[in-house]
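**Q** Next comes protein.cif, mmCIF, N, CA and C atoms:
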```cif
data_structure
loop_
_atom_site.label_atom_id
_atom_site.label_comp_id
_atom_site.auth_asym_id
_atom_site.auth_seq_id
_atom_site.Cartn_x
_atom_site.Cartn_y
_atom_site.Cartn_z
N MET H 244 -19.82 4.93 47.74
CA MET H 244 -20.30 3.89 46.87
C MET H 244 -19.68 2.57 47.31
N GLU H 245 -20.50 1.60 47.38
CA GLU H 245 -20.08 0.29 47.86
C GLU H 245 -19.75 -0.61 46.67
N PHE H 246 -18.60 -1.27 46.69
CA PHE H 246 -18.21 -2.17 45.61
C PHE H 246 -18.73 -3.56 45.92
N THR H 247 -19.58 -4.04 45.06
CA THR H 247 -20.08 -5.40 45.19
C THR H 247 -19.59 -6.20 44.01
N ALA H 248 -19.69 -7.48 44.09
CA ALA H 248 -19.26 -8.35 43.00
C ALA H 248 -20.03 -8.03 41.73
N LYS H 249 -21.33 -7.74 41.89
CA LYS H 249 -22.16 -7.43 40.72
C LYS H 249 -21.69 -6.14 40.05
N ARG H 250 -21.40 -5.12 40.82
CA ARG H 250 -20.93 -3.84 40.25
C ARG H 250 -19.57 -4.00 39.58
N VAL H 251 -18.71 -4.80 40.15
CA VAL H 251 -17.40 -5.04 39.55
C VAL H 251 -17.57 -5.75 38.21
N TRP H 252 -18.42 -6.77 38.15
CA TRP H 252 -18.63 -7.49 36.89
C TRP H 252 -19.27 -6.58 35.84
N VAL H 253 -20.19 -5.73 36.23
CA VAL H 253 -20.80 -4.79 35.28
C VAL H 253 -19.75 -3.83 34.75
N ALA H 254 -18.90 -3.33 35.63
CA ALA H 254 -17.84 -2.41 35.20
C ALA H 254 -16.87 -3.11 34.25
N VAL H 255 -16.53 -4.35 34.55
CA VAL H 255 -15.62 -5.11 33.68
C VAL H 255 -16.28 -5.35 32.32
N ALA H 256 -17.55 -5.69 32.31
CA ALA H 256 -18.26 -5.94 31.05
C ALA H 256 -18.34 -4.68 30.20
N VAL H 257 -18.62 -3.55 30.83
CA VAL H 257 -18.69 -2.27 30.09
C VAL H 257 -17.31 -1.92 29.52
N ALA H 258 -16.27 -2.08 30.32
CA ALA H 258 -14.91 -1.79 29.84
C ALA H 258 -14.53 -2.71 28.70
N ALA H 259 -14.86 -4.00 28.80
CA ALA H 259 -14.54 -4.95 27.73
C ALA H 259 -15.29 -4.59 26.45
N GLY H 260 -16.56 -4.22 26.59
CA GLY H 260 -17.34 -3.82 25.41
C GLY H 260 -16.76 -2.60 24.73
N ALA H 261 -16.34 -1.63 25.53
CA ALA H 261 -15.73 -0.42 24.95
C ALA H 261 -14.43 -0.75 24.26
N THR H 262 -13.64 -1.63 24.85
CA THR H 262 -12.37 -2.02 24.24
C THR H 262 -12.60 -2.72 22.91
N VAL H 263 -13.57 -3.62 22.86
CA VAL H 263 -13.89 -4.33 21.62
C VAL H 263 -14.37 -3.34 20.56
N ALA H 264 -15.23 -2.41 20.93
CA ALA H 264 -15.75 -1.43 19.97
C ALA H 264 -14.63 -0.55 19.41
N ILE H 265 -13.75 -0.09 20.27
CA ILE H 265 -12.62 0.74 19.81
C ILE H 265 -11.70 -0.08 18.91
N GLY H 266 -11.41 -1.30 19.30
CA GLY H 266 -10.55 -2.17 18.49
C GLY H 266 -11.14 -2.45 17.13
N ALA H 267 -12.45 -2.68 17.06
CA ALA H 267 -13.11 -2.94 15.78
C ALA H 267 -13.04 -1.71 14.88
N THR H 268 -13.18 -0.53 15.46
CA THR H 268 -13.09 0.70 14.67
C THR H 268 -11.68 0.88 14.12
N VAL H 269 -10.67 0.63 14.94
CA VAL H 269 -9.29 0.76 14.49
C VAL H 269 -9.00 -0.24 13.38
N LEU H 270 -9.44 -1.49 13.54
CA LEU H 270 -9.21 -2.50 12.52
C LEU H 270 -9.95 -2.17 11.23
N ALA H 271 -11.16 -1.66 11.33
CA ALA H 271 -11.91 -1.30 10.13
C ALA H 271 -11.21 -0.19 9.36
N ASN H 272 -10.67 0.80 10.07
CA ASN H 272 -9.95 1.88 9.40
C ASN H 272 -8.63 1.40 8.84
N ALA H 273 -7.99 0.45 9.49
CA ALA H 273 -6.70 -0.05 9.03
C ALA H 273 -6.85 -1.05 7.89
N ALA H 274 -8.05 -1.57 7.68
CA ALA H 274 -8.25 -2.59 6.66
C ALA H 274 -8.08 -2.03 5.25
N ASP H 275 -8.28 -0.76 5.05
CA ASP H 275 -8.20 -0.19 3.71
C ASP H 275 -7.40 1.11 3.71
N PRO H 276 -6.20 1.10 4.30
CA PRO H 276 -5.44 2.34 4.36
C PRO H 276 -4.67 2.61 3.07
N VAL H 277 -4.47 3.86 2.79
CA VAL H 277 -3.52 4.27 1.75
C VAL H 277 -2.42 4.99 2.49
N ALA H 278 -1.21 4.47 2.36
CA ALA H 278 -0.08 5.06 3.06
C ALA H 278 0.08 6.52 2.66
N PRO H 279 0.49 7.36 3.56
CA PRO H 279 0.71 8.75 3.20
C PRO H 279 1.86 8.88 2.20
N GLU H 280 1.75 9.85 1.33
CA GLU H 280 2.78 10.07 0.32
C GLU H 280 4.07 10.53 1.00
N VAL H 281 5.17 9.91 0.61
CA VAL H 281 6.50 10.26 1.12
C VAL H 281 7.28 10.85 -0.04
N VAL H 282 7.64 12.10 0.06
CA VAL H 282 8.36 12.77 -1.03
C VAL H 282 9.85 12.72 -0.74
N SER H 283 10.59 12.19 -1.69
CA SER H 283 12.03 12.05 -1.56
C SER H 283 12.73 13.32 -2.03
N ALA H 284 13.88 13.58 -1.45
CA ALA H 284 14.69 14.71 -1.90
C ALA H 284 15.52 14.31 -3.11
N THR H 285 15.63 13.01 -3.36
CA THR H 285 16.41 12.50 -4.48
C THR H 285 15.54 12.47 -5.73
N PRO H 286 15.96 13.09 -6.83
CA PRO H 286 15.14 13.07 -8.04
C PRO H 286 15.07 11.68 -8.67
N ALA H 287 14.07 11.49 -9.51
CA ALA H 287 13.91 10.23 -10.23
C ALA H 287 15.08 10.02 -11.17
N GLU H 288 15.32 8.77 -11.52
CA GLU H 288 16.41 8.45 -12.44
C GLU H 288 16.16 9.11 -13.79
N ALA H 289 17.21 9.58 -14.42
CA ALA H 289 17.09 10.21 -15.74
C ALA H 289 16.43 9.25 -16.72
N GLY H 290 15.47 9.76 -17.47
CA GLY H 290 14.76 8.95 -18.44
C GLY H 290 13.54 8.25 -17.86
N HIS H 291 13.36 8.32 -16.54
CA HIS H 291 12.22 7.66 -15.89
C HIS H 291 11.48 8.61 -14.95
N GLU H 292 11.55 9.91 -15.24
CA GLU H 292 11.04 10.92 -14.32
C GLU H 292 9.57 10.77 -13.97
N THR H 293 8.73 10.39 -14.90
CA THR H 293 7.29 10.31 -14.64
C THR H 293 6.79 8.87 -14.60
N GLU H 294 7.68 7.93 -14.37
CA GLU H 294 7.32 6.51 -14.38
C GLU H 294 7.25 5.95 -12.96
N GLY H 295 6.66 4.78 -12.90
CA GLY H 295 6.68 4.02 -11.66
C GLY H 295 7.83 3.03 -11.72
N LYS H 296 8.63 2.98 -10.69
CA LYS H 296 9.73 2.02 -10.61
C LYS H 296 9.39 1.06 -9.47
N TYR H 297 9.24 -0.21 -9.80
CA TYR H 297 8.84 -1.21 -8.81
C TYR H 297 9.90 -2.30 -8.76
N THR H 298 10.44 -2.53 -7.58
CA THR H 298 11.49 -3.54 -7.39
C THR H 298 10.95 -4.62 -6.45
N ALA H 299 10.92 -5.86 -6.94
CA ALA H 299 10.41 -6.98 -6.16
C ALA H 299 11.48 -7.51 -5.22
N GLY H 300 11.05 -8.11 -4.13
CA GLY H 300 11.95 -8.78 -3.20
C GLY H 300 12.22 -10.20 -3.67
N ASP H 301 12.30 -11.12 -2.76
CA ASP H 301 12.57 -12.53 -3.08
C ASP H 301 11.29 -13.29 -3.41
N TYR H 302 10.30 -12.63 -3.94
CA TYR H 302 9.01 -13.24 -4.28
C TYR H 302 8.40 -12.43 -5.43
N VAL H 303 7.34 -12.97 -6.02
CA VAL H 303 6.62 -12.25 -7.07
C VAL H 303 5.84 -11.11 -6.43
N LEU H 304 6.00 -9.92 -6.99
CA LEU H 304 5.29 -8.74 -6.51
C LEU H 304 4.25 -8.36 -7.57
N ASN H 305 3.00 -8.23 -7.15
CA ASN H 305 1.93 -7.81 -8.04
C ASN H 305 1.63 -6.34 -7.78
N VAL H 306 1.66 -5.54 -8.84
CA VAL H 306 1.40 -4.11 -8.73
C VAL H 306 0.13 -3.79 -9.51
N ARG H 307 -0.81 -3.16 -8.85
CA ARG H 307 -2.05 -2.74 -9.49
C ARG H 307 -2.06 -1.22 -9.53
N GLU H 308 -2.24 -0.66 -10.71
CA GLU H 308 -2.39 0.79 -10.88
C GLU H 308 -3.88 1.01 -11.11
N ARG H 309 -4.60 1.43 -10.06
CA ARG H 309 -6.06 1.52 -10.08
C ARG H 309 -6.54 2.96 -10.17
N ASP H 310 -7.63 3.16 -10.94
CA ASP H 310 -8.25 4.48 -10.97
C ASP H 310 -9.32 4.55 -9.87
N ASP H 311 -10.05 5.65 -9.81
CA ASP H 311 -11.05 5.85 -8.77
C ASP H 311 -12.19 4.83 -8.84
N ASP H 312 -12.40 4.22 -10.00
CA ASP H 312 -13.45 3.22 -10.17
C ASP H 312 -12.96 1.80 -9.88
N GLY H 313 -11.69 1.65 -9.50
CA GLY H 313 -11.14 0.32 -9.23
C GLY H 313 -10.64 -0.38 -10.47
N GLU H 314 -10.70 0.29 -11.60
CA GLU H 314 -10.21 -0.29 -12.86
C GLU H 314 -8.72 -0.01 -12.99
N GLY H 315 -8.06 -0.80 -13.78
CA GLY H 315 -6.64 -0.57 -14.02
C GLY H 315 -5.94 -1.84 -14.44
N ARG H 316 -4.64 -1.78 -14.41
CA ARG H 316 -3.85 -2.92 -14.85
C ARG H 316 -3.07 -3.51 -13.69
N VAL H 317 -2.81 -4.81 -13.81
CA VAL H 317 -2.02 -5.53 -12.82
C VAL H 317 -0.77 -6.05 -13.53
N THR H 318 0.37 -5.85 -12.90
CA THR H 318 1.64 -6.33 -13.44
C THR H 318 2.30 -7.21 -12.39
N ALA H 319 2.68 -8.42 -12.79
CA ALA H 319 3.42 -9.32 -11.90
C ALA H 319 4.90 -9.16 -12.21
N ILE H 320 5.68 -8.91 -11.17
CA ILE H 320 7.12 -8.69 -11.32
C ILE H 320 7.85 -9.84 -10.65
N GLY H 321 8.73 -10.47 -11.38
CA GLY H 321 9.47 -11.62 -10.86
C GLY H 321 10.38 -11.26 -9.71
N PRO H 322 10.77 -12.27 -8.93
CA PRO H 322 11.66 -12.03 -7.79
C PRO H 322 12.95 -11.32 -8.20
N ARG H 323 13.37 -10.38 -7.35
CA ARG H 323 14.62 -9.62 -7.54
C ARG H 323 14.68 -8.95 -8.92
N THR H 324 13.56 -8.41 -9.37
CA THR H 324 13.47 -7.76 -10.67
C THR H 324 12.94 -6.34 -10.49
N THR H 325 13.40 -5.43 -11.34
CA THR H 325 12.90 -4.06 -11.33
C THR H 325 12.11 -3.83 -12.61
N TYR H 326 10.96 -3.19 -12.48
CA TYR H 326 10.07 -2.93 -13.61
C TYR H 326 9.74 -1.43 -13.61
N TYR H 327 9.77 -0.84 -14.80
CA TYR H 327 9.40 0.57 -14.96
C TYR H 327 8.05 0.64 -15.66
N SER H 328 7.11 1.35 -15.07
CA SER H 328 5.78 1.49 -15.64
C SER H 328 5.63 2.86 -16.29
N LYS H 329 5.31 2.85 -17.57
CA LYS H 329 5.08 4.11 -18.27
C LYS H 329 3.61 4.52 -18.20
N THR H 330 2.77 3.71 -17.52
CA THR H 330 1.35 4.01 -17.42
C THR H 330 0.98 4.59 -16.06
N LEU H 331 1.97 4.99 -15.28
CA LEU H 331 1.71 5.53 -13.95
C LEU H 331 0.73 6.71 -14.00
N HIS H 332 0.83 7.53 -15.02
CA HIS H 332 -0.05 8.69 -15.14
C HIS H 332 -1.10 8.49 -16.22
N GLY H 333 -1.40 7.25 -16.53
CA GLY H 333 -2.46 6.93 -17.50
C GLY H 333 -1.91 6.66 -18.88
N ASN H 334 -2.74 6.01 -19.66
CA ASN H 334 -2.35 5.69 -21.04
C ASN H 334 -3.51 5.97 -21.99
N GLY H 335 -4.34 6.92 -21.63
CA GLY H 335 -5.47 7.30 -22.47
C GLY H 335 -6.77 6.63 -22.06
N THR H 336 -6.71 5.54 -21.29
CA THR H 336 -7.94 4.85 -20.89
C THR H 336 -8.33 5.14 -19.45
N GLY H 337 -7.50 5.84 -18.73
CA GLY H 337 -7.82 6.15 -17.33
C GLY H 337 -6.61 6.67 -16.60
N GLN H 338 -6.87 7.38 -15.54
CA GLN H 338 -5.80 7.96 -14.72
C GLN H 338 -5.73 7.20 -13.41
N PRO H 339 -4.66 6.43 -13.19
CA PRO H 339 -4.54 5.73 -11.91
C PRO H 339 -4.52 6.71 -10.74
N ALA H 340 -5.14 6.30 -9.63
CA ALA H 340 -5.19 7.13 -8.44
C ALA H 340 -4.43 6.50 -7.28
N VAL H 341 -4.31 5.18 -7.31
CA VAL H 341 -3.66 4.47 -6.20
C VAL H 341 -2.90 3.26 -6.73
N LEU H 342 -1.79 2.97 -6.07
CA LEU H 342 -1.01 1.77 -6.36
C LEU H 342 -1.32 0.77 -5.26
N GLU H 343 -1.58 -0.47 -5.65
CA GLU H 343 -1.84 -1.54 -4.69
C GLU H 343 -0.84 -2.66 -4.93
N PHE H 344 -0.35 -3.25 -3.85
CA PHE H 344 0.67 -4.29 -3.94
C PHE H 344 0.21 -5.55 -3.22
N SER H 345 0.50 -6.70 -3.83
CA SER H 345 0.28 -7.99 -3.19
C SER H 345 1.48 -8.86 -3.51
N ALA H 346 1.62 -9.95 -2.77
CA ALA H 346 2.78 -10.83 -2.94
C ALA H 346 2.32 -12.21 -3.37
N GLY H 347 3.16 -12.87 -4.17
CA GLY H 347 2.90 -14.26 -4.54
C GLY H 347 2.42 -14.42 -5.97
N ARG H 348 2.43 -15.65 -6.40
CA ARG H 348 2.04 -15.96 -7.78
C ARG H 348 0.56 -15.79 -8.04
N ASP H 349 -0.25 -15.79 -6.97
CA ASP H 349 -1.68 -15.56 -7.11
C ASP H 349 -1.91 -14.06 -7.22
N GLY H 350 -2.20 -13.60 -8.42
CA GLY H 350 -2.37 -12.16 -8.65
C GLY H 350 -3.53 -11.55 -7.90
N ASP H 351 -4.43 -12.39 -7.37
CA ASP H 351 -5.58 -11.89 -6.62
C ASP H 351 -5.36 -12.01 -5.12
N GLY H 352 -4.11 -12.10 -4.70
CA GLY H 352 -3.80 -12.21 -3.28
C GLY H 352 -4.19 -10.96 -2.53
N PRO H 353 -4.17 -11.01 -1.23
CA PRO H 353 -4.55 -9.84 -0.43
C PRO H 353 -3.60 -8.66 -0.63
N ILE H 354 -4.18 -7.48 -0.65
CA ILE H 354 -3.40 -6.25 -0.79
C ILE H 354 -2.62 -6.03 0.51
N VAL H 355 -1.30 -5.82 0.38
CA VAL H 355 -0.47 -5.62 1.57
C VAL H 355 -0.04 -4.16 1.75
N PHE H 356 -0.19 -3.34 0.68
CA PHE H 356 0.23 -1.95 0.78
C PHE H 356 -0.45 -1.15 -0.31
N ARG H 357 -0.85 0.09 0.02
CA ARG H 357 -1.44 1.02 -0.96
C ARG H 357 -0.70 2.34 -0.87
N TYR H 358 -0.51 2.97 -2.03
CA TYR H 358 0.21 4.24 -2.07
C TYR H 358 -0.45 5.13 -3.12
N PRO H 359 -0.64 6.42 -2.84
CA PRO H 359 -1.27 7.30 -3.83
C PRO H 359 -0.36 7.56 -5.02
N VAL H 360 -0.95 7.63 -6.20
CA VAL H 360 -0.18 7.98 -7.39
C VAL H 360 0.22 9.44 -7.27
N PRO H 361 1.50 9.76 -7.46
CA PRO H 361 1.93 11.16 -7.33
C PRO H 361 1.38 12.03 -8.46
N GLY H 362 1.49 13.31 -8.27
CA GLY H 362 0.99 14.27 -9.25
C GLY H 362 1.75 14.23 -10.55
N PRO H 363 1.23 14.94 -11.55
CA PRO H 363 1.87 15.00 -12.87
C PRO H 363 3.32 15.47 -12.76
N GLY H 364 4.17 14.89 -13.57
CA GLY H 364 5.57 15.27 -13.60
C GLY H 364 6.41 14.60 -12.53
N GLN H 365 5.80 13.75 -11.72
CA GLN H 365 6.53 13.05 -10.67
C GLN H 365 6.49 11.54 -10.92
N GLY H 366 7.49 10.86 -10.41
CA GLY H 366 7.54 9.41 -10.49
C GLY H 366 7.43 8.83 -9.10
N VAL H 367 7.46 7.51 -9.05
CA VAL H 367 7.41 6.83 -7.76
C VAL H 367 8.39 5.67 -7.79
N ASP H 368 9.06 5.43 -6.68
CA ASP H 368 10.03 4.35 -6.54
C ASP H 368 9.57 3.47 -5.38
N CYS H 369 9.16 2.23 -5.69
CA CYS H 369 8.66 1.32 -4.67
C CYS H 369 9.57 0.09 -4.61
N VAL H 370 9.91 -0.30 -3.40
CA VAL H 370 10.81 -1.44 -3.18
C VAL H 370 10.13 -2.40 -2.22
N ALA H 371 10.09 -3.68 -2.62
CA ALA H 371 9.52 -4.73 -1.76
C ALA H 371 10.65 -5.48 -1.07
N SER H 372 10.40 -5.83 0.18
CA SER H 372 11.36 -6.64 0.93
C SER H 372 10.56 -7.60 1.79
N GLY H 373 11.20 -8.21 2.76
CA GLY H 373 10.52 -9.18 3.59
C GLY H 373 10.37 -10.50 2.86
N THR H 374 9.37 -11.27 3.23
CA THR H 374 9.11 -12.57 2.60
C THR H 374 7.72 -12.56 1.98
N GLU H 375 7.43 -13.60 1.20
CA GLU H 375 6.10 -13.69 0.60
C GLU H 375 5.02 -13.77 1.68
N ALA H 376 5.33 -14.44 2.78
CA ALA H 376 4.37 -14.57 3.87
C ALA H 376 4.23 -13.27 4.67
N ALA H 377 5.29 -12.49 4.70
CA ALA H 377 5.28 -11.22 5.45
C ALA H 377 5.96 -10.14 4.60
N PRO H 378 5.29 -9.72 3.50
CA PRO H 378 5.90 -8.73 2.61
C PRO H 378 5.89 -7.33 3.21
N LEU H 379 6.86 -6.55 2.79
CA LEU H 379 6.96 -5.15 3.20
C LEU H 379 7.25 -4.34 1.94
N VAL H 380 6.43 -3.34 1.68
CA VAL H 380 6.62 -2.48 0.50
C VAL H 380 6.73 -1.05 0.99
N ARG H 381 7.70 -0.34 0.44
CA ARG H 381 7.89 1.09 0.75
C ARG H 381 7.97 1.86 -0.57
N CYS H 382 7.33 3.00 -0.60
CA CYS H 382 7.33 3.83 -1.80
C CYS H 382 7.73 5.26 -1.46
N GLU H 383 8.35 5.92 -2.43
CA GLU H 383 8.70 7.34 -2.33
C GLU H 383 8.33 8.01 -3.63
N THR H 384 7.73 9.18 -3.52
CA THR H 384 7.48 10.00 -4.69
C THR H 384 8.79 10.70 -5.07
N LYS H 385 9.11 10.65 -6.35
CA LYS H 385 10.37 11.24 -6.83
C LYS H 385 10.06 12.44 -7.71
N PRO H 386 10.64 13.60 -7.40
CA PRO H 386 10.46 14.76 -8.27
C PRO H 386 11.29 14.59 -9.55
N ALA H 387 10.89 15.29 -10.59
CA ALA H 387 11.68 15.28 -11.82
C ALA H 387 12.98 16.02 -11.58
N ARG H 388 13.97 15.73 -12.38
CA ARG H 388 15.28 16.39 -12.27
C ARG H 388 15.17 17.84 -12.62
#
```
Show this structure as structure tokens.
**A**
Amino acid sequence: MEFTAKRVWVAVAVAAGATVAIGATVLANAADPVAPEVVSATPAEAGHETEGKYTAGDYVLNVRERDDDGEGRVTAIGPRTTYYSKTLHGNGTGQPAVLEFSAGRDGDGPIVFRYPVPGPGQGVDCVASGTEAAPLVRCETKPAR
């Protein structure tokens, strides 16, 4: 096979197209991820076994407890504050399925992290760090004592 300028450009174009297509697929899948559940060996704090514990970093942390229909409640937590949610497993109006987190005073800011609501009898401990411009949220499912 003879390599000509035309064949080289066609090969480059095909490779570039494939790279763009693969990259778009990866970005589309990453745009709406739910982090895998991380189960801690450390039990939840006494008195908070089935609650959500959310600790904000140096910025306002918005926590959304959403059900499968996207409904739920949003709680804004002040900087360097810990909040315990007693509605992690529902309050009679719906069962949350996912926790969503955003940073900043704008409660409708972009979601930076999603975590599945743990099963009955379990709590969750989520800690925010980083900055408002580059927030980092980590969660662990906590078994009851």
**Q** Could you write out as an mmCIF file with N, CA and C atoms, in the coordinates of the input the residues that the PyMOL selection byres ((chain H and resi 319) around 6.5) matches in the shown file?
**A**
```
data_model
loop_
_atom_site.group_PDB
_atom_site.id
_atom_site.type_symbol
_atom_site.label_atom_id
_atom_site.label_comp_id
_atom_site.auth_asym_id
_atom_site.auth_seq_id
_atom_site.Cartn_x
_atom_site.Cartn_y
_atom_site.Cartn_z
ATOM 1 N N VAL H 303 7.340 -12.970 -6.020
ATOM 2 C CA VAL H 303 6.620 -12.250 -7.070
ATOM 3 C C VAL H 303 5.840 -11.110 -6.430
ATOM 4 N N LEU H 304 6.000 -9.920 -6.990
ATOM 5 C CA LEU H 304 5.290 -8.740 -6.510
ATOM 6 C C LEU H 304 4.250 -8.360 -7.570
ATOM 7 N N ASN H 305 3.000 -8.230 -7.150
ATOM 8 C CA ASN H 305 1.930 -7.810 -8.040
ATOM 9 C C ASN H 305 1.630 -6.340 -7.780
ATOM 10 N N VAL H 306 1.660 -5.540 -8.840
ATOM 11 C CA VAL H 306 1.400 -4.110 -8.730
ATOM 12 C C VAL H 306 0.130 -3.790 -9.510
ATOM 13 N N VAL H 317 -2.810 -4.810 -13.810
ATOM 14 C CA VAL H 317 -2.020 -5.530 -12.820
ATOM 15 C C VAL H 317 -0.770 -6.050 -13.530
ATOM 16 N N THR H 318 0.370 -5.850 -12.900
ATOM 17 C CA THR H 318 1.640 -6.330 -13.440
ATOM 18 C C THR H 318 2.300 -7.210 -12.390
ATOM 19 N N ILE H 320 5.680 -8.910 -11.170
ATOM 20 C CA ILE H 320 7.120 -8.690 -11.320
ATOM 21 C C ILE H 320 7.850 -9.840 -10.650
ATOM 22 N N GLY H 321 8.730 -10.470 -11.380
ATOM 23 C CA GLY H 321 9.470 -11.620 -10.860
ATOM 24 C C GLY H 321 10.380 -11.260 -9.710
#
```
**Q** Which residues match the PyMOL selection byres ((chain H and resi 384) around 5) in the file above, as a list in words?
**A**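 Taken on the displayed file, the PyMOL selection byres ((chain H and resi 384) around 5) yields the residues Val281, Val282, Ser283, Gly366, Val367, Cys382, Glu383, Lys385 and Pro386 of chain H.
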**Q** Quick one: residues within 7 Å of region 330-347 of chain H, all atoms listed in the file counted, chain neighbours fewer than 4 positions away excluded, as a PDB file with N, CA and C atoms, in the frame of the given file?
**A**
```
ATOM      1  N   THR H 293       8.730  10.390 -14.900  1.00  0.00           N
ATOM      2  CA  THR H 293       7.290  10.310 -14.640  1.00  0.00           C
ATOM      3  C   THR H 293       6.790   8.870 -14.600  1.00  0.00           C
ATOM      4  N   GLU H 294       7.680   7.930 -14.370  1.00  0.00           N
ATOM      5  CA  GLU H 294       7.320   6.510 -14.380  1.00  0.00           C
ATOM      6  C   GLU H 294       7.250   5.950 -12.960  1.00  0.00           C
ATOM      7  N   GLY H 295       6.660   4.780 -12.900  1.00  0.00           N
ATOM      8  CA  GLY H 295       6.680   4.020 -11.660  1.00  0.00           C
ATOM      9  C   GLY H 295       7.830   3.030 -11.720  1.00  0.00           C
ATOM     10  N   TYR H 302      10.300 -12.630  -3.940  1.00  0.00           N
ATOM     11  CA  TYR H 302       9.010 -13.240  -4.280  1.00  0.00           C
ATOM     12  C   TYR H 302       8.400 -12.430  -5.430  1.00  0.00           C
ATOM     13  N   VAL H 303       7.340 -12.970  -6.020  1.00  0.00           N
ATOM     14  CA  VAL H 303       6.620 -12.250  -7.070  1.00  0.00           C
ATOM     15  C   VAL H 303       5.840 -11.110  -6.430  1.00  0.00           C
ATOM     16  N   LEU H 304       6.000  -9.920  -6.990  1.00  0.00           N
ATOM     17  CA  LEU H 304       5.290  -8.740  -6.510  1.00  0.00           C
ATOM     18  C   LEU H 304       4.250  -8.360  -7.570  1.00  0.00           C
ATOM     19  N   ASN H 305       3.000  -8.230  -7.150  1.00  0.00           N
ATOM     20  CA  ASN H 305       1.930  -7.810  -8.040  1.00  0.00           C
ATOM     21  C   ASN H 305       1.630  -6.340  -7.780  1.00  0.00           C
ATOM     22  N   VAL H 306       1.660  -5.540  -8.840  1.00  0.00           N
ATOM     23  CA  VAL H 306       1.400  -4.110  -8.730  1.00  0.00           C
ATOM     24  C   VAL H 306       0.130  -3.790  -9.510  1.00  0.00           C
ATOM     25  N   ARG H 307      -0.810  -3.160  -8.850  1.00  0.00           N
ATOM     26  CA  ARG H 307      -2.050  -2.740  -9.490  1.00  0.00           C
ATOM     27  C   ARG H 307      -2.060  -1.220  -9.530  1.00  0.00           C
ATOM     28  N   GLU H 308      -2.240  -0.660 -10.710  1.00  0.00           N
ATOM     29  CA  GLU H 308      -2.390   0.790 -10.880  1.00  0.00           C
ATOM     30  C   GLU H 308      -3.880   1.010 -11.110  1.00  0.00           C
ATOM     31  N   ARG H 309      -4.600   1.430 -10.060  1.00  0.00           N
ATOM     32  CA  ARG H 309      -6.060   1.520 -10.080  1.00  0.00           C
ATOM     33  C   ARG H 309      -6.540   2.960 -10.170  1.00  0.00           C
ATOM     34  N   ASP H 310      -7.630   3.160 -10.940  1.00  0.00           N
ATOM     35  CA  ASP H 310      -8.250   4.480 -10.970  1.00  0.00           C
ATOM     36  C   ASP H 310      -9.320   4.550  -9.870  1.00  0.00           C
ATOM     37  N   ASP H 311     -10.050   5.650  -9.810  1.00  0.00           N
ATOM     38  CA  ASP H 311     -11.050   5.850  -8.770  1.00  0.00           C
ATOM     39  C   ASP H 311     -12.190   4.830  -8.840  1.00  0.00           C
ATOM     40  N   GLY H 315      -8.060  -0.800 -13.780  1.00  0.00           N
ATOM     41  CA  GLY H 315      -6.640  -0.570 -14.020  1.00  0.00           C
ATOM     42  C   GLY H 315      -5.940  -1.840 -14.440  1.00  0.00           C
ATOM     43  N   GLY H 352      -4.110 -12.100  -4.700  1.00  0.00           N
ATOM     44  CA  GLY H 352      -3.800 -12.210  -3.280  1.00  0.00           C
ATOM     45  C   GLY H 352      -4.190 -10.960  -2.530  1.00  0.00           C
ATOM     46  N   PRO H 353      -4.170 -11.010  -1.230  1.00  0.00           N
ATOM     47  CA  PRO H 353      -4.550  -9.840  -0.430  1.00  0.00           C
ATOM     48  C   PRO H 353      -3.600  -8.660  -0.630  1.00  0.00           C
ATOM     49  N   ILE H 354      -4.180  -7.480  -0.650  1.00  0.00           N
ATOM     50  CA  ILE H 354      -3.400  -6.250  -0.790  1.00  0.00           C
ATOM     51  C   ILE H 354      -2.620  -6.030   0.510  1.00  0.00           C
ATOM     52  N   VAL H 355      -1.300  -5.820   0.380  1.00  0.00           N
ATOM     53  CA  VAL H 355      -0.470  -5.620   1.570  1.00  0.00           C
ATOM     54  C   VAL H 355      -0.040  -4.160   1.750  1.00  0.00           C
ATOM     55  N   PHE H 356      -0.190  -3.340   0.680  1.00  0.00           N
ATOM     56  CA  PHE H 356       0.230  -1.950   0.780  1.00  0.00           C
ATOM     57  C   PHE H 356      -0.450  -1.150  -0.310  1.00  0.00           C
ATOM     58  N   ARG H 357      -0.850   0.090   0.020  1.00  0.00           N
ATOM     59  CA  ARG H 357      -1.440   1.020  -0.960  1.00  0.00           C
ATOM     60  C   ARG H 357      -0.700   2.340  -0.870  1.00  0.00           C
ATOM     61  N   TYR H 358      -0.510   2.970  -2.030  1.00  0.00           N
ATOM     62  CA  TYR H 358       0.210   4.240  -2.070  1.00  0.00           C
ATOM     63  C   TYR H 358      -0.450   5.130  -3.120  1.00  0.00           C
ATOM     64  N   PRO H 359      -0.640   6.420  -2.840  1.00  0.00           N
ATOM     65  CA  PRO H 359      -1.270   7.300  -3.830  1.00  0.00           C
ATOM     66  C   PRO H 359      -0.360   7.560  -5.020  1.00  0.00           C
ATOM     67  N   VAL H 360      -0.950   7.630  -6.200  1.00  0.00           N
ATOM     68  CA  VAL H 360      -0.180   7.980  -7.390  1.00  0.00           C
ATOM     69  C   VAL H 360       0.220   9.440  -7.270  1.00  0.00           C
ATOM     70  N   PRO H 361       1.500   9.760  -7.460  1.00  0.00           N
ATOM     71  CA  PRO H 361       1.930  11.160  -7.330  1.00  0.00           C
ATOM     72  C   PRO H 361       1.380  12.030  -8.460  1.00  0.00           C
ATOM     73  N   PRO H 363       1.230  14.940 -11.550  1.00  0.00           N
ATOM     74  CA  PRO H 363       1.870  15.000 -12.870  1.00  0.00           C
ATOM     75  C   PRO H 363       3.320  15.470 -12.760  1.00  0.00           C
ATOM     76  N   GLU H 375       7.430 -13.600   1.200  1.00  0.00           N
ATOM     77  CA  GLU H 375       6.100 -13.690   0.600  1.00  0.00           C
ATOM     78  C   GLU H 375       5.020 -13.770   1.680  1.00  0.00           C
ATOM     79  N   PRO H 378       5.290  -9.720   3.500  1.00  0.00           N
ATOM     80  CA  PRO H 378       5.900  -8.730   2.610  1.00  0.00           C
ATOM     81  C   PRO H 378       5.890  -7.330   3.210  1.00  0.00           C
TER      82      PRO H 378
END
```
